[in-house]
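A.B. asks: So that you have it, the file is final-v4.txt, and it contains compact mmCIF, C-alpha atoms:
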```txt
# COMPACT_ATOMS: atom_id res chain seq x y z
CA MET R 1 12.53 20.60 83.88
CA LEU R 2 11.08 23.61 82.09
CA GLU R 3 8.44 23.11 79.40
CA VAL R 4 7.44 25.85 76.95
CA VAL R 5 4.31 25.32 74.82
CA ALA R 6 3.21 27.75 72.10
CA HIS R 7 -0.31 27.20 70.77
CA LEU R 8 -2.44 28.84 68.06
CA PRO R 9 -6.04 28.36 69.27
CA ARG R 10 -7.73 29.56 66.05
CA GLY R 11 -5.74 27.28 63.78
CA PRO R 12 -2.64 27.66 61.57
CA VAL R 13 -4.18 29.66 58.67
CA PHE R 14 -4.76 33.44 58.68
CA LEU R 15 -5.58 36.25 56.28
CA ALA R 16 -3.13 39.12 55.99
CA GLY R 17 -4.61 41.91 58.10
CA GLU R 18 -6.02 39.57 60.74
CA THR R 19 -4.79 39.51 64.31
CA LEU R 20 -2.90 36.36 65.23
CA HIS R 21 -3.44 35.04 68.75
CA CYS R 22 -0.94 32.74 70.43
CA GLU R 23 -0.98 31.20 73.90
CA VAL R 24 2.42 30.60 75.49
CA THR R 25 2.56 28.41 78.60
CA PHE R 26 5.63 28.01 80.81
CA SER R 27 5.57 25.03 83.18
CA ASN R 28 7.96 23.73 85.80
CA ILE R 29 7.48 19.99 85.35
CA LEU R 30 8.55 17.55 88.02
CA ASN R 31 10.99 15.11 86.53
CA PRO R 32 10.95 11.75 88.37
CA LYS R 33 14.57 11.10 87.37
CA ASP R 34 15.72 14.42 88.78
CA GLU R 35 15.10 14.60 92.52
CA SER R 36 16.91 17.93 92.76
CA GLY R 37 14.23 19.77 90.79
CA GLY R 38 13.38 23.09 92.35
CA LEU R 39 12.56 26.66 91.54
CA GLU R 40 12.85 27.69 87.87
CA VAL R 41 13.87 31.29 87.21
CA LEU R 42 13.54 32.78 83.71
CA ALA R 43 15.16 36.10 82.92
CA TRP R 44 12.82 37.08 80.08
CA SER R 45 10.69 35.88 77.18
CA SER R 46 9.47 37.60 74.02
CA VAL R 47 7.50 36.70 70.89
CA GLN R 48 7.54 37.93 67.29
CA ILE R 49 6.43 36.95 63.78
CA ILE R 50 8.99 36.33 61.05
CA CYS R 51 8.57 35.53 57.34
CA GLN R 52 11.47 33.85 55.58
CA CYS R 53 12.05 33.89 51.82
CA THR R 54 14.03 31.01 50.33
CA VAL R 55 14.96 31.02 46.65
CA SER R 56 16.60 28.70 44.16
CA GLU R 57 20.01 30.21 43.51
CA SER R 58 20.08 28.74 40.01
CA ARG R 59 16.92 30.64 39.03
CA VAL R 60 16.65 33.72 41.25
CA GLN R 61 19.06 36.54 41.98
CA LEU R 62 17.74 38.66 44.82
CA PRO R 63 18.36 42.42 44.88
CA ARG R 64 19.79 43.68 48.14
CA THR R 65 16.82 45.93 48.81
CA SER R 66 14.26 43.09 48.69
CA ALA R 67 14.93 41.65 52.12
CA LEU R 68 16.29 42.42 55.56
CA SER R 69 19.84 41.41 56.22
CA THR R 70 20.78 39.34 59.23
CA GLU R 71 22.07 42.39 61.07
CA GLU R 72 18.92 44.39 60.32
CA ALA R 73 16.68 41.56 61.50
CA SER R 74 18.64 41.23 64.72
CA THR R 75 18.62 44.93 65.53
CA THR R 76 15.05 45.79 64.53
CA GLY R 77 12.97 46.75 67.55
CA CYS R 78 15.16 45.83 70.52
CA ASP R 79 17.81 43.42 71.70
CA THR R 80 15.28 40.62 72.23
CA SER R 81 14.72 40.22 68.47
CA PHE R 82 15.64 36.80 67.14
CA VAL R 83 17.82 36.03 64.12
CA PRO R 84 16.03 33.17 62.37
CA ASN R 85 19.02 31.95 60.38
CA LYS R 86 21.13 31.41 63.48
CA GLY R 87 21.40 27.86 64.74
CA ARG R 88 19.25 26.42 67.49
CA LEU R 89 19.39 23.19 69.43
CA GLY R 90 22.31 21.86 67.45
CA ARG R 91 20.81 22.70 64.05
CA LYS R 92 22.26 25.01 61.45
CA GLY R 93 19.27 27.33 61.53
CA GLU R 94 16.93 28.36 58.72
CA ARG R 95 18.12 29.27 55.27
CA GLY R 96 16.76 32.30 53.51
CA LEU R 97 16.25 36.01 53.96
CA THR R 98 13.90 37.74 56.35
CA VAL R 99 11.30 39.71 54.40
CA LEU R 100 9.01 40.45 57.35
CA CYS R 101 9.90 40.85 61.01
CA THR R 102 7.46 42.31 63.53
CA ARG R 103 8.65 44.11 66.62
CA PRO R 104 9.18 41.63 69.44
CA LYS R 105 6.81 41.85 72.38
CA ILE R 106 8.13 41.03 75.83
CA LEU R 107 5.95 38.57 77.74
CA PHE R 108 7.70 38.92 81.09
CA CYS R 109 10.91 39.63 82.93
CA ASP R 110 12.14 37.62 85.92
CA LEU R 111 9.57 34.81 86.08
CA LYS R 112 9.80 32.36 88.98
CA LEU R 113 8.03 29.02 88.75
CA GLN R 114 7.66 26.69 91.70
CA PRO R 115 7.79 22.92 91.00
CA GLY R 116 4.53 21.79 89.37
CA SER R 117 3.32 25.33 88.62
CA SER R 118 2.71 26.97 85.24
CA LYS R 119 2.00 30.40 83.80
CA THR R 120 0.19 31.24 80.54
CA TYR R 121 0.65 34.43 78.52
CA HIS R 122 -1.38 35.66 75.56
CA TYR R 123 0.32 37.18 72.54
CA GLU R 124 -1.46 38.94 69.69
CA GLU R 125 -0.10 40.66 66.60
CA ALA R 126 -1.74 41.97 63.44
CA ILE R 127 -0.31 40.45 60.27
CA PRO R 128 0.57 43.32 57.89
CA THR R 129 -1.76 43.61 54.90
CA ASP R 130 1.19 44.14 52.56
CA ALA R 131 2.88 40.92 53.67
CA PRO R 132 3.63 38.22 51.08
CA PRO R 133 1.52 35.05 51.18
CA SER R 134 2.73 31.64 52.26
CA PHE R 135 4.02 30.02 49.11
CA ARG R 136 6.02 26.93 48.17
CA GLY R 137 7.00 27.30 44.54
CA GLN R 138 9.68 25.75 42.37
CA ALA R 139 11.98 28.78 42.64
CA VAL R 140 10.64 30.84 45.58
CA LYS R 141 9.31 29.93 49.01
CA TYR R 142 7.69 32.17 51.64
CA SER R 143 7.23 30.65 55.10
CA TYR R 144 5.86 32.16 58.33
CA LYS R 145 6.63 31.30 61.95
CA VAL R 146 5.73 32.56 65.40
CA ILE R 147 8.99 32.52 67.37
CA VAL R 148 8.98 32.39 71.15
CA GLY R 149 12.31 32.98 72.85
CA THR R 150 13.19 32.57 76.50
CA GLN R 151 16.37 32.61 78.55
CA ARG R 152 17.40 31.31 81.91
CA LEU R 153 19.81 33.28 84.02
CA GLU R 154 23.32 33.00 82.58
CA LYS R 155 22.14 30.49 79.97
CA SER R 156 21.72 30.62 76.19
CA THR R 157 18.45 31.67 74.55
CA LYS R 158 16.05 28.88 73.59
CA LEU R 159 13.54 29.28 70.75
CA VAL R 160 10.18 27.69 69.96
CA ARG R 161 8.89 28.00 66.40
CA VAL R 162 5.24 27.52 65.37
CA PRO R 163 4.70 27.60 61.57
CA PHE R 164 1.50 29.05 60.16
CA ARG R 165 0.05 29.94 56.77
CA VAL R 166 -0.91 33.38 55.46
CA LEU R 167 -3.39 34.10 52.67
CA ILE R 168 -3.60 37.56 51.12
CA LEU R 169 -6.49 39.50 49.63
CA TYR R 170 -5.59 42.74 47.91
CA GLY R 171 -7.64 45.82 48.78
CA LEU R 172 -7.87 45.42 52.56
CA ASN R 173 -5.40 48.16 53.44
CA ASP R 174 -8.09 50.51 54.75
CA ILE R 175 -11.00 48.61 56.28
CA SER R 176 -12.65 51.84 57.41
CA VAL R 177 -14.03 52.20 53.87
CA TYR R 178 -15.98 48.97 54.30
CA ASN R 179 -17.24 49.97 57.75
CA GLU R 180 -18.99 53.07 56.39
CA GLN R 181 -22.49 51.64 56.28
CA GLU R 182 -25.21 53.63 54.60
CA GLU R 183 -28.86 53.21 55.42
CA ILE R 184 -30.10 51.66 52.19
CA THR R 185 -33.00 49.64 53.58
CA PRO R 186 -35.78 51.26 55.61
CA SER R 187 -35.01 51.25 59.32
CA ASN R 188 -37.35 49.89 61.95
CA PRO R 189 -38.28 52.68 64.41
CA PHE R 190 -39.10 50.12 67.11
CA LEU R 191 -35.64 48.54 67.10
CA HIS R 192 -32.51 50.05 68.52
CA ASN R 193 -29.97 50.09 65.70
CA GLN R 194 -26.50 49.28 66.90
CA ARG R 195 -23.69 49.88 64.47
CA LYS R 196 -21.37 46.90 64.30
CA GLU R 197 -17.78 47.25 63.22
CA ASN R 198 -16.88 44.54 60.74
CA SER R 199 -13.72 42.60 61.39
CA VAL R 200 -11.05 42.09 58.76
CA LEU R 201 -12.18 38.50 58.27
CA ASP R 202 -15.83 39.50 57.81
CA ILE R 203 -14.90 42.15 55.25
CA ALA R 204 -12.57 39.79 53.40
CA LEU R 205 -15.26 37.09 53.16
CA GLN R 206 -17.73 39.66 51.81
CA VAL R 207 -15.24 40.80 49.17
CA ILE R 208 -14.39 37.23 48.19
CA SER R 209 -18.07 36.30 47.88
CA THR R 210 -18.69 39.34 45.68
CA VAL R 211 -15.79 38.87 43.27
CA THR R 212 -16.35 35.11 42.93
CA ALA R 213 -20.14 35.29 42.49
CA ARG R 214 -21.54 33.82 39.31
CA LYS R 215 -22.46 36.55 36.83
CA ALA R 216 -22.84 36.14 33.07
CA PRO R 217 -21.35 32.94 31.59
CA HIS R 218 -18.42 33.20 29.21
CA SER R 219 -18.56 31.47 25.82
CA TYR R 220 -15.52 30.59 23.69
CA ASN R 221 -15.39 29.23 20.15
CA ILE R 222 -12.55 26.72 19.79
CA THR R 223 -11.28 26.55 16.23
CA ASN R 224 -8.24 25.44 14.28
CA ALA R 225 -7.10 25.99 10.71
CA LYS R 226 -9.68 23.50 9.39
CA GLY R 227 -12.75 24.80 11.15
CA LYS R 228 -14.67 24.84 14.38
CA VAL R 229 -13.94 22.18 16.98
CA ALA R 230 -16.37 23.04 19.77
CA ARG R 231 -17.90 25.77 21.85
CA PHE R 232 -16.81 26.00 25.48
CA LEU R 233 -19.02 27.55 28.15
CA LEU R 234 -17.48 28.66 31.48
CA PHE R 235 -19.92 29.87 34.08
CA LYS R 236 -17.43 32.26 35.74
CA GLN R 237 -13.73 33.19 35.67
CA ALA R 238 -13.09 34.00 39.35
CA TYR R 239 -12.96 31.28 41.99
CA LYS R 240 -11.89 30.78 45.59
CA LEU R 241 -9.88 27.94 47.03
CA GLY R 242 -11.94 24.78 47.43
CA GLU R 243 -14.43 25.64 44.68
CA ASP R 244 -15.15 23.52 41.63
CA ILE R 245 -14.52 24.84 38.14
CA VAL R 246 -17.51 23.74 36.07
CA GLY R 247 -17.60 24.04 32.29
CA MET R 248 -19.48 22.60 29.32
CA PHE R 249 -18.37 21.62 25.81
CA ASP R 250 -20.81 21.80 22.90
CA PHE R 251 -19.72 19.78 19.83
CA SER R 252 -23.02 20.02 17.97
CA GLU R 253 -21.86 22.85 15.68
CA GLY R 254 -18.32 21.58 15.18
CA THR R 255 -16.99 20.94 11.69
CA VAL R 256 -13.83 19.20 12.93
CA GLN R 257 -14.22 15.87 14.70
CA CYS R 258 -12.84 16.00 18.27
CA VAL R 259 -11.75 12.59 19.50
CA GLN R 260 -10.54 13.43 22.99
CA TYR R 261 -9.98 16.46 25.20
CA SER R 262 -8.28 17.15 28.50
CA VAL R 263 -8.36 20.13 30.88
CA THR R 264 -5.62 20.71 33.47
CA LEU R 265 -5.65 23.23 36.30
CA GLN R 266 -2.22 24.90 36.33
CA SER R 267 -0.40 27.68 38.15
CA GLU R 268 2.33 29.75 36.51
CA GLU R 269 5.23 30.96 38.64
CA GLN R 270 7.02 33.85 36.93
CA ILE R 271 10.13 35.52 38.32
CA SER R 272 10.37 39.29 37.87
CA GLU R 273 12.86 40.46 35.22
CA GLU R 274 15.27 42.11 37.69
CA CYS R 275 15.45 38.91 39.77
CA ARG R 276 15.96 36.37 36.99
CA ARG R 277 19.27 34.58 36.95
CA LYS R 278 19.00 34.23 33.15
CA PRO R 279 17.14 36.82 31.05
CA SER R 280 15.68 34.12 28.81
CA GLN R 281 14.37 31.80 31.51
CA GLY R 282 10.68 30.99 31.32
CA SER R 283 7.96 30.43 33.83
CA ALA R 284 7.58 27.36 36.01
CA ILE R 285 4.30 25.50 35.49
CA THR R 286 2.69 23.37 38.20
CA SER R 287 -0.24 21.07 37.37
CA TYR R 288 -2.84 20.17 40.00
CA VAL R 289 -6.00 18.46 38.71
CA ARG R 290 -6.63 16.97 35.26
CA HIS R 291 -9.91 16.07 33.62
CA GLN R 292 -9.80 13.89 30.48
CA GLU R 293 -12.62 12.45 28.41
CA THR R 294 -13.18 10.73 25.08
CA CYS R 295 -15.79 12.64 23.10
CA VAL R 296 -16.32 10.76 19.83
CA ASP R 297 -19.89 11.42 18.63
CA LEU R 298 -20.74 13.32 21.80
CA VAL R 299 -23.01 16.32 21.44
CA LYS R 300 -22.20 17.81 24.86
CA SER R 301 -19.72 17.09 27.61
CA HIS R 302 -19.06 18.55 31.06
CA MET R 303 -15.97 19.05 33.16
CA ASN R 304 -15.60 19.52 36.92
CA ILE R 305 -12.19 20.45 38.36
CA PRO R 306 -11.77 21.17 42.09
CA ILE R 307 -9.27 23.78 43.27
CA PRO R 308 -7.20 22.40 46.18
CA LEU R 309 -7.56 24.20 49.51
CA THR R 310 -3.82 23.79 50.02
CA ALA R 311 -2.93 25.82 46.90
CA THR R 312 -1.80 29.45 46.92
CA PRO R 313 -4.11 32.02 45.27
CA GLY R 314 -2.76 34.38 42.66
CA PHE R 315 -0.42 37.07 43.97
CA ILE R 316 2.48 39.31 43.01
CA THR R 317 5.55 40.47 44.94
CA ASP R 318 8.81 42.16 44.02
CA ILE R 319 10.32 38.74 43.36
CA VAL R 320 7.64 36.46 41.93
CA CYS R 321 4.18 36.51 40.39
CA GLN R 322 1.76 33.59 40.39
CA ARG R 323 -1.12 33.28 37.95
CA TRP R 324 -3.70 30.55 37.32
CA ARG R 325 -4.97 29.08 34.09
CA LEU R 326 -6.84 26.18 32.50
CA HIS R 327 -4.71 24.25 30.02
CA PHE R 328 -6.74 22.58 27.25
CA GLU R 329 -5.58 19.86 24.87
CA PHE R 330 -7.84 18.80 22.00
CA VAL R 331 -7.11 15.71 19.93
CA THR R 332 -8.83 16.08 16.55
CA SER R 333 -9.09 13.67 13.66
CA VAL R 334 -7.42 14.73 10.42
CA ASP R 335 -9.56 12.39 8.29
CA ASP R 336 -13.20 11.43 8.56
CA LEU R 337 -13.92 8.66 11.01
CA LYS R 338 -14.73 5.71 8.78
CA GLY R 339 -15.68 2.70 10.79
CA GLN R 340 -17.92 -0.24 10.00
CA ASN R 341 -21.43 -1.16 11.03
CA ILE R 342 -21.77 -4.57 12.65
CA LEU R 343 -25.15 -6.27 12.67
CA THR R 344 -26.21 -7.23 16.17
CA SER R 345 -28.43 -10.11 17.23
CA ASN R 346 -31.32 -7.76 16.80
CA GLU R 347 -31.51 -7.35 13.04
CA GLU R 348 -32.94 -3.84 13.39
CA GLU R 349 -29.89 -2.49 15.27
CA PHE R 350 -26.31 -1.93 14.19
CA GLN R 351 -23.16 -1.46 16.25
CA TRP R 352 -20.58 0.96 14.94
CA GLN R 353 -16.93 -0.04 15.32
CA GLY R 354 -14.28 2.63 14.95
CA PRO R 355 -11.20 2.31 12.75
CA PRO R 356 -8.16 0.54 14.26
CA THR R 357 -5.91 3.56 13.70
CA LEU R 358 -6.48 7.28 13.50
CA HIS R 359 -4.52 10.11 11.96
CA VAL R 360 -4.86 12.84 14.59
CA GLU R 361 -3.36 16.16 15.58
CA THR R 362 -3.31 17.97 18.92
CA MET R 363 -4.08 21.61 19.60
CA VAL R 364 -3.52 23.39 22.93
CA TRP R 365 -5.16 26.44 24.49
CA ASP R 366 -4.58 28.29 27.77
CA LEU R 367 -7.42 30.17 29.45
CA PRO R 368 -6.46 32.51 32.34
CA ILE R 369 -8.61 32.40 35.47
CA LYS R 370 -8.46 34.13 38.86
CA VAL R 371 -8.14 32.27 42.15
CA PHE R 372 -8.84 34.07 45.45
CA PRO R 373 -8.42 32.98 49.07
CA THR R 374 -11.11 31.22 51.06
CA ASN R 375 -12.20 31.25 54.69
CA PRO R 376 -9.06 30.50 56.76
CA LEU R 377 -11.09 28.12 58.92
CA HIS R 378 -11.86 26.00 55.85
CA ALA R 379 -8.19 25.96 54.84
CA SER R 380 -7.21 24.97 58.39
CA SER R 381 -9.38 21.86 58.19
CA VAL R 382 -7.15 20.24 55.54
CA THR R 383 -3.72 21.54 56.50
CA LEU R 384 -1.04 19.26 57.91
CA MET R 385 0.46 22.06 60.01
CA LYS R 386 0.44 21.60 63.75
CA THR R 387 -1.12 24.30 65.88
CA SER R 388 1.38 23.99 68.71
CA ALA R 389 5.06 23.41 69.41
CA THR R 390 6.76 22.27 72.61
CA LEU R 391 10.25 22.84 73.97
CA HIS R 392 11.77 21.06 76.98
CA VAL R 393 14.68 22.74 78.69
CA THR R 394 16.68 20.61 81.08
CA SER R 395 19.30 21.86 83.46
```
Now that the file is in, can you turn its structure into structure tokens?

C.D. replies:
Amino acid sequence: MLEVVAHLPRGPVFLAGETLHCEVTFSNILNPKDESGGLEVLAWSSVQIICQCTVSESRVQLPRTSALSTEEASTTGCDTSFVPNKGRLGRKGERGLTVLCTRPKILFCDLKLQPGSSKTYHYEEAIPTDAPPSFRGQAVKYSYKVIVGTQRLEKSTKLVRVPFRVLILYGLNDISVYNEQEEITPSNPFLHNQRKENSVLDIALQVISTVTARKAPHSYNITNAKGKVARFLLFKQAYKLGEDIVGMFDFSEGTVQCVQYSVTLQSEEQISEECRRKPSQGSAITSYVRHQETCVDLVKSHMNIPIPLTATPGFITDIVCQRWRLHFEFVTSVDDLKGQNILTSNEEEFQWQGPPTLHVETMVWDLPIKVFPTNPLHASSVTLMKTSATLHVTS
């Protein structure tokens, strides 16, 4: 029995521009039930990366130029290219259109494996910087897979698929700009200076740290038609996946009584105009984390909202655009809060009891924020994706 194992040693999350490494092992396993097991001969094997785009037909109408057709995907490169929407192992195959298809790389031709022996090959491919990110939205989905194909003599082709996740950071098309290091600090004449070329991951982490660094805080006055409700202080507007969004509310200068507030982290999925099924269709909103607090007679209040590591940072393609925002809801009292003071056991203290009913109104506010990728190793620690896939081929 032939066993094919494809493994991603670094993990299943990568940045666009990084080089993906995959180990492919072919083994001739001795099957106790099959005493006639002998030499395994494989005609060839090749590997390539494919990105599939799946859309909701009720919301999205794809232009013909936005994706590769099945014939184009099967003829790109050479005859060993795989068509991902063809069936495999009794399944109907994968739905969607191929938006990215790397040239297949041949691992071997005419491999012979003796019983109990195995052979491991190493595959590497740079993920294009202009590739779309992995995304699972309400109307559009982008999914990546490493596909390993192999064929026995005079047998059908068998495929092994290993899914992985891609994060994108715009501005990494030419990393040579970041590698041009200037001598800003004084050099040590007693040390031998060796120039080190930064990798794509190192450069990306530097860029992400710079754009998400805390600078000057942003202050917003929240008002309605009757006056000022509160002042909101946000320490920064750019974040990376896994960070906490920290903000502060100041009600000390408010002229309108705020009873309760809530803040929800949301993403907005907007289909481009040329791809919308209906011209009047709106954006799809997805809510992640919600912070709610009662703030009667509070002078200050804080919020802390974590950004999930499994979320997709903001991006834009020819089909869809994703943005991030904070959605605020303020419940304000129309009338003055008239309660009653209740005398406690201690005659010098009173306990205030609020009215049984309140006449309130709700105001909403959306504040755009920017969400960037994080270190792929951090994102790999919480993903449910498997780093390997196995295929058993019996005679």

A.B. asks: So how far away is atom CA of Ile49 of chain R from atom CA of Pro104 of chain R, in Å?

C.D. replies: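 Computing it gives 7.8 Å between the two atoms.
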
A.B. asks: At a cut-off of 12 Å from (-10.6, 12.8, 31.7) in the coordinates of the file, what residues are picked up using only C-alpha atoms, written as a list in words?

C.D. replies: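 Residues found, by chain and rising number: Gln260, Tyr261, Ser262, Val263, Thr264, Val289, Arg290, His291, Gln292, Glu293, Thr294, Cys295, Ser301, His302, Met303, Asn304, Ile305, Phe328, Glu329 and Phe330 of chain R.
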
A.B. asks: Using Å and a single decimal, report how far atom CA of Gln351 of chain R sits from atom CA of Val229 of chain R.

C.D. replies: 25.4 Å

A.B. asks: How big is the axis-aligned box around all listed atoms of segment 218-225 of chain R once 6 Å goes on each side, and where's its centre, in Å to one decimal, as JSON?

C.D. replies:
```
{"center_x": -12.8, "center_y": 29.3, "center_z": 20.0, "size_x": 23.5, "size_y": 19.8, "size_z": 30.5}
```

A.B. asks: Excluding Ser219 of chain R and any residue of its chain fewer than 5 positions from it, enumerate the residues within 7 Å of it, using only C-alpha atoms, and give them as a ChimeraX atom specification.

C.D. replies: /R:231-234

A.B. asks: Which is closer to Ser388 of chain R than all the others in R:Pro279, R:Pro355, R:Pro132, R:Pro163, using all atoms listed in the file?

C.D. replies: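 Going through R:Pro279, R:Pro355, R:Pro132, R:Pro163 one by one, the smallest distance to Ser388 of chain R is for R:Pro163.
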
A.B. asks: Do you have the atom CA of Cys258 of chain R-atom CA of Ile285 of chain R distance handy?

C.D. replies: 26.1 Å

A.B. asks: Tell me which of R:Thr157, R:Lys386, R:Lys228, R:Cys275 sits closest to Glu57 of chain R, counting only C-alpha atoms.

C.D. replies: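 Looking at the shortest contact to Glu57 of chain R, the residue is R:Cys275.
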
A.B. asks: Using all atoms listed in the file, pick whichever of R:Leu107, R:Leu337, R:Leu205, R:Ala213 has the shortest atom-to-atom distance to Trp352 of chain R.

C.D. replies: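 Nearest to Trp352 of chain R: R:Leu337.
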
A.B. asks: When you count all atoms listed in the file, which of these residues is closest to Arg277 of chain R: R:Asp336, R:Ser134, R:Ile319, R:Leu100?

C.D. replies: R:Ile319

A.B. asks: Do you know which residues are at most 7 Å from segment 4-14 of chain R counting only C-alpha atoms, after dropping those on the same chain fewer than 6 positions away, and could you put them as an MDAnalysis selection string?

C.D. replies: chainID R and resid 21:27 164:167 376 379:380 385 387:392

A.B. asks: Show me as a list in words the residues that reach within 9 Å of (-21.0, 23.7, 21.1), counting all atoms listed in the file and using the file's own coordinates.

C.D. replies: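 Checking each residue against the 9 Å limit leaves Asn221, Val229, Ala230, Arg231, Phe232, Leu233, Met248, Phe249, Asp250, Phe251, Ser252, Glu253, Gly254, Val299 and Lys300 of chain R.
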
A.B. asks: Which residues come within 9 Å of Ser117 of chain R, counting all atoms listed in the file, excluding same-chain residues fewer than 2 positions away, as a list of chain:residue names?

C.D. replies: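 Non-adjacent residues within range: R:Phe26, R:Ser27, R:Asn28, R:Ile29, R:Leu113, R:Gln114, R:Pro115, R:Lys119.
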
A.B. asks: Restricting the output to C-alpha atoms, write the selected residues as a PDB file, keeping the file's coordinate frame.

C.D. replies:
```
ATOM      1  CA  PHE R  26       5.630  28.010  80.810  1.00  0.00           C
ATOM      2  CA  SER R  27       5.570  25.030  83.180  1.00  0.00           C
ATOM      3  CA  ASN R  28       7.960  23.730  85.800  1.00  0.00           C
ATOM      4  CA  ILE R  29       7.480  19.990  85.350  1.00  0.00           C
ATOM      5  CA  LEU R 113       8.030  29.020  88.750  1.00  0.00           C
ATOM      6  CA  GLN R 114       7.660  26.690  91.700  1.00  0.00           C
ATOM      7  CA  PRO R 115       7.790  22.920  91.000  1.00  0.00           C
ATOM      8  CA  LYS R 119       2.000  30.400  83.800  1.00  0.00           C
TER       9      LYS R 119
END
```

A.B. asks: Kindly indicate which residue among R:Thr310, R:Pro368, R:Glu125, R:Val41 lies nearest to His327 of chain R, using all atoms listed in the file for the distances.

C.D. replies: R:Pro368

A.B. asks: Put segment 94-108 of chain R into a file with N, CA, C and O atoms, as an mmCIF file, in the first residue's frame.

C.D. replies:
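Result file is out-v7.cif:
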```cif
data_model
loop_
_atom_site.group_PDB
_atom_site.id
_atom_site.type_symbol
_atom_site.label_atom_id
_atom_site.label_comp_id
_atom_site.auth_asym_id
_atom_site.auth_seq_id
_atom_site.Cartn_x
_atom_site.Cartn_y
_atom_site.Cartn_z
ATOM 1 N N GLU R 94 -14.205 20.640 -5.857
ATOM 2 C CA GLU R 94 -14.362 21.896 -5.152
ATOM 3 C C GLU R 94 -15.083 22.914 -6.028
ATOM 4 O O GLU R 94 -14.764 23.079 -7.192
ATOM 5 N N ARG R 95 -16.061 23.571 -5.418
ATOM 6 C CA ARG R 95 -16.784 24.603 -6.141
ATOM 7 C C ARG R 95 -15.989 25.902 -6.107
ATOM 8 O O ARG R 95 -15.240 26.180 -5.204
ATOM 9 N N GLY R 96 -16.181 26.713 -7.122
ATOM 10 C CA GLY R 96 -15.531 28.008 -7.152
ATOM 11 C C GLY R 96 -14.642 28.180 -8.366
ATOM 12 O O GLY R 96 -14.514 27.295 -9.211
ATOM 13 N N LEU R 97 -14.030 29.341 -8.428
ATOM 14 C CA LEU R 97 -13.154 29.704 -9.532
ATOM 15 C C LEU R 97 -11.731 29.845 -9.024
ATOM 16 O O LEU R 97 -11.487 30.298 -7.907
ATOM 17 N N THR R 98 -10.790 29.488 -9.851
ATOM 18 C CA THR R 98 -9.380 29.577 -9.498
ATOM 19 C C THR R 98 -8.874 30.986 -9.778
ATOM 20 O O THR R 98 -8.843 31.422 -10.924
ATOM 21 N N VAL R 99 -8.483 31.696 -8.720
ATOM 22 C CA VAL R 99 -7.985 33.058 -8.873
ATOM 23 C C VAL R 99 -6.471 33.116 -8.775
ATOM 24 O O VAL R 99 -5.867 34.131 -9.113
ATOM 25 N N LEU R 100 -5.847 32.047 -8.298
ATOM 26 C CA LEU R 100 -4.393 31.978 -8.248
ATOM 27 C C LEU R 100 -3.967 30.535 -8.453
ATOM 28 O O LEU R 100 -4.520 29.622 -7.833
ATOM 29 N N CYS R 101 -3.002 30.338 -9.335
ATOM 30 C CA CYS R 101 -2.531 28.987 -9.643
ATOM 31 C C CYS R 101 -1.051 29.081 -9.998
ATOM 32 O O CYS R 101 -0.694 29.603 -11.046
ATOM 33 N N THR R 102 -0.187 28.623 -9.105
ATOM 34 C CA THR R 102 1.250 28.665 -9.373
ATOM 35 C C THR R 102 1.631 27.557 -10.357
ATOM 36 O O THR R 102 0.904 26.576 -10.526
ATOM 37 N N ARG R 103 2.765 27.732 -10.970
ATOM 38 C CA ARG R 103 3.255 26.705 -11.903
ATOM 39 C C ARG R 103 3.594 25.445 -11.121
ATOM 40 O O ARG R 103 4.280 25.500 -10.105
ATOM 41 N N PRO R 104 3.131 24.298 -11.582
ATOM 42 C CA PRO R 104 3.438 23.059 -10.863
ATOM 43 C C PRO R 104 4.917 22.713 -10.952
ATOM 44 O O PRO R 104 5.561 22.943 -11.975
ATOM 45 N N LYS R 105 5.438 22.198 -9.862
ATOM 46 C CA LYS R 105 6.828 21.755 -9.804
ATOM 47 C C LYS R 105 6.863 20.231 -9.687
ATOM 48 O O LYS R 105 6.212 19.651 -8.820
ATOM 49 N N ILE R 106 7.615 19.620 -10.562
ATOM 50 C CA ILE R 106 7.710 18.162 -10.585
ATOM 51 C C ILE R 106 8.681 17.706 -9.500
ATOM 52 O O ILE R 106 9.828 18.161 -9.439
ATOM 53 N N LEU R 107 8.211 16.799 -8.648
ATOM 54 C CA LEU R 107 9.062 16.253 -7.595
ATOM 55 C C LEU R 107 9.952 15.133 -8.121
ATOM 56 O O LEU R 107 11.124 15.045 -7.775
ATOM 57 N N PHE R 108 9.384 14.274 -8.956
ATOM 58 C CA PHE R 108 10.168 13.162 -9.490
ATOM 59 C C PHE R 108 9.449 12.575 -10.695
ATOM 60 O O PHE R 108 8.267 12.848 -10.943
#
```
